[in-house]
Amino acid sequence: MVGKYLDFIAWNPLAAALLIDIDKMASHERNYVRMLFADPRMKDFYDDWEGMARTGVALLRMQAVDNPKDPRLANLVGELSVGYPLFRQWWASRHVASQNFGSEIIHHPELGELTLDWDSFYWSGDPDQHLTVWSPAPGSSSEEKLRILRSWIQPSGTTENETARRNES
């Protein structure tokens, strides 16, 4: 789940194992757009890194449309503009975006290529927060790879249902 500035505010262990272990990041580093530009692993992770990064910039730009004087957003944009010329160039292009679904090819360092569909759901209680759910096609090699990844993070001696119940409490 991400918030207004695309900061990660909630995640599950499978998401951390698939993407990056967010638990090990400092809280100020837990921003999706910052990760796209600052973490060199991200360029290898996404098949279309440039498309993802451009969309991330455009999503932040959409926040600027709604909140042009927001100091926190200004600080984030300033930091990224100074540190990353592509961010600065794409920010200056003034494109805005809103995406609710899509499909992405990712490259996991141990599992290889996975094709995942994703859907974002906005919380009616706070439209600045949205949950993104990634899912593989049923019966696909990507589904099998996610099962393997889940087995790597699942405590030994527990079933998937037991793990899910424990995570819900």
# chains A, B, ... in the order shown; residues from 1 in each chain; ligands from 1
call {"tool": "residues_around", "arguments": {"residues": "Asp7 (chain A)", "least_positions_apart": "6", "cutoff": "9 Å", "atoms": "only C-alpha atoms", "output": "list in words"}}
result
Met1, Ser27, His28, Glu29, Arg30, Asn31, Tyr32 and Val33 of chain A
call {"tool": "select_by_dssp", "arguments": {"residues": "region 35-124 of chain A", "states": "alpha helix (DSSP H)", "output": "PyMOL selection string"}}
result
chain A and resi 35-38+41-45+49-66+71-83+85-92
call {"tool": "residues_around", "arguments": {"residues": "region 70-84 of chain A", "least_positions_apart": "3", "cutoff": "12 Å", "atoms": "only C-alpha atoms", "output": "VMD selection string"}}
result
chain A and resid 4 to 7 28 to 39 53 56 to 67 87 to 92
call {"tool": "write_last_selection", "arguments": {"atoms": "C-alpha atoms", "output": "tab-separated table (two decimals), in the first residue's frame"}}
result
chain	number	residue	atom	x	y	z
A	4	LYS	CA	0.08	10.29	-1.28
A	5	TYR	CA	3.70	10.62	-2.36
A	6	LEU	CA	4.06	6.95	-3.34
A	7	ASP	CA	5.63	6.17	0.03
A	28	HIS	CA	12.69	8.10	4.32
A	29	GLU	CA	13.92	5.68	1.62
A	30	ARG	CA	10.56	3.90	1.36
A	31	ASN	CA	9.35	5.93	-1.58
A	32	TYR	CA	8.60	4.10	-4.80
A	33	VAL	CA	9.81	6.84	-7.16
A	34	ARG	CA	12.97	7.39	-5.11
A	35	MET	CA	13.63	3.64	-5.29
A	36	LEU	CA	13.19	3.63	-9.07
A	37	PHE	CA	15.91	6.25	-9.48
A	38	ALA	CA	18.21	5.66	-6.51
A	39	ASP	CA	18.39	1.87	-6.31
A	53	ALA	CA	9.97	5.55	-13.96
A	56	GLY	CA	6.15	7.29	-11.33
A	57	VAL	CA	7.18	10.85	-12.17
A	58	ALA	CA	3.81	11.52	-13.80
A	59	LEU	CA	1.99	10.15	-10.74
A	60	LEU	CA	3.96	12.54	-8.52
A	61	ARG	CA	3.20	15.35	-10.97
A	62	MET	CA	-0.49	14.56	-10.50
A	63	GLN	CA	-0.02	15.16	-6.76
A	64	ALA	CA	1.55	18.54	-7.57
A	65	VAL	CA	-1.53	19.48	-9.59
A	66	ASP	CA	-3.71	18.80	-6.54
A	67	ASN	CA	-1.23	20.18	-3.97
A	87	PHE	CA	13.77	12.71	-13.24
A	88	ARG	CA	14.41	16.43	-13.76
A	89	GLN	CA	13.80	16.11	-17.52
A	90	TRP	CA	10.60	14.09	-17.14
A	91	TRP	CA	9.30	16.35	-14.36
A	92	ALA	CA	9.79	19.36	-16.62
call {"tool": "closest_residue", "arguments": {"among": "A:Trp11, A:Asp117, A:Leu18, A:His130", "to": "Arg147 (chain A)", "atoms": "only C-alpha atoms"}}
result
A:Leu18
call {"tool": "select_by_dssp", "arguments": {"residues": "chain A", "states": "strand (DSSP E or B)", "output": "ChimeraX atom specification"}}
result
/A:2,7-8,31,46,101-108,112-123,126-135
call {"tool": "residues_around", "arguments": {"residues": "Leu19 (chain A)", "least_positions_apart": "6", "cutoff": "9 Å", "atoms": "only C-alpha atoms", "output": "JSON, numbers by chain"}}
result
{"A": [42, 45, 108]}
call {"tool": "atom_distance", "arguments": {"atom1": "CA of Ser140 (chain A)", "atom2": "CA of Leu114 (chain A)"}}
result
9.3 Å
call {"tool": "atom_distance", "arguments": {"atom1": "CA of Ser142 (chain A)", "atom2": "CA of Trp49 (chain A)"}}
result
19.1 Å
call {"tool": "residues_around", "arguments": {"residues": "Lys145 (chain A)", "least_positions_apart": "5", "cutoff": "12 Å", "atoms": "only C-alpha atoms", "output": "count of residues only"}}
result
23
call {"tool": "closest_residue", "arguments": {"among": "A:Leu146, A:Val2, A:Ile20, A:Ala97", "to": "Thr132 (chain A)", "atoms": "only C-alpha atoms"}}
result
A:Val2
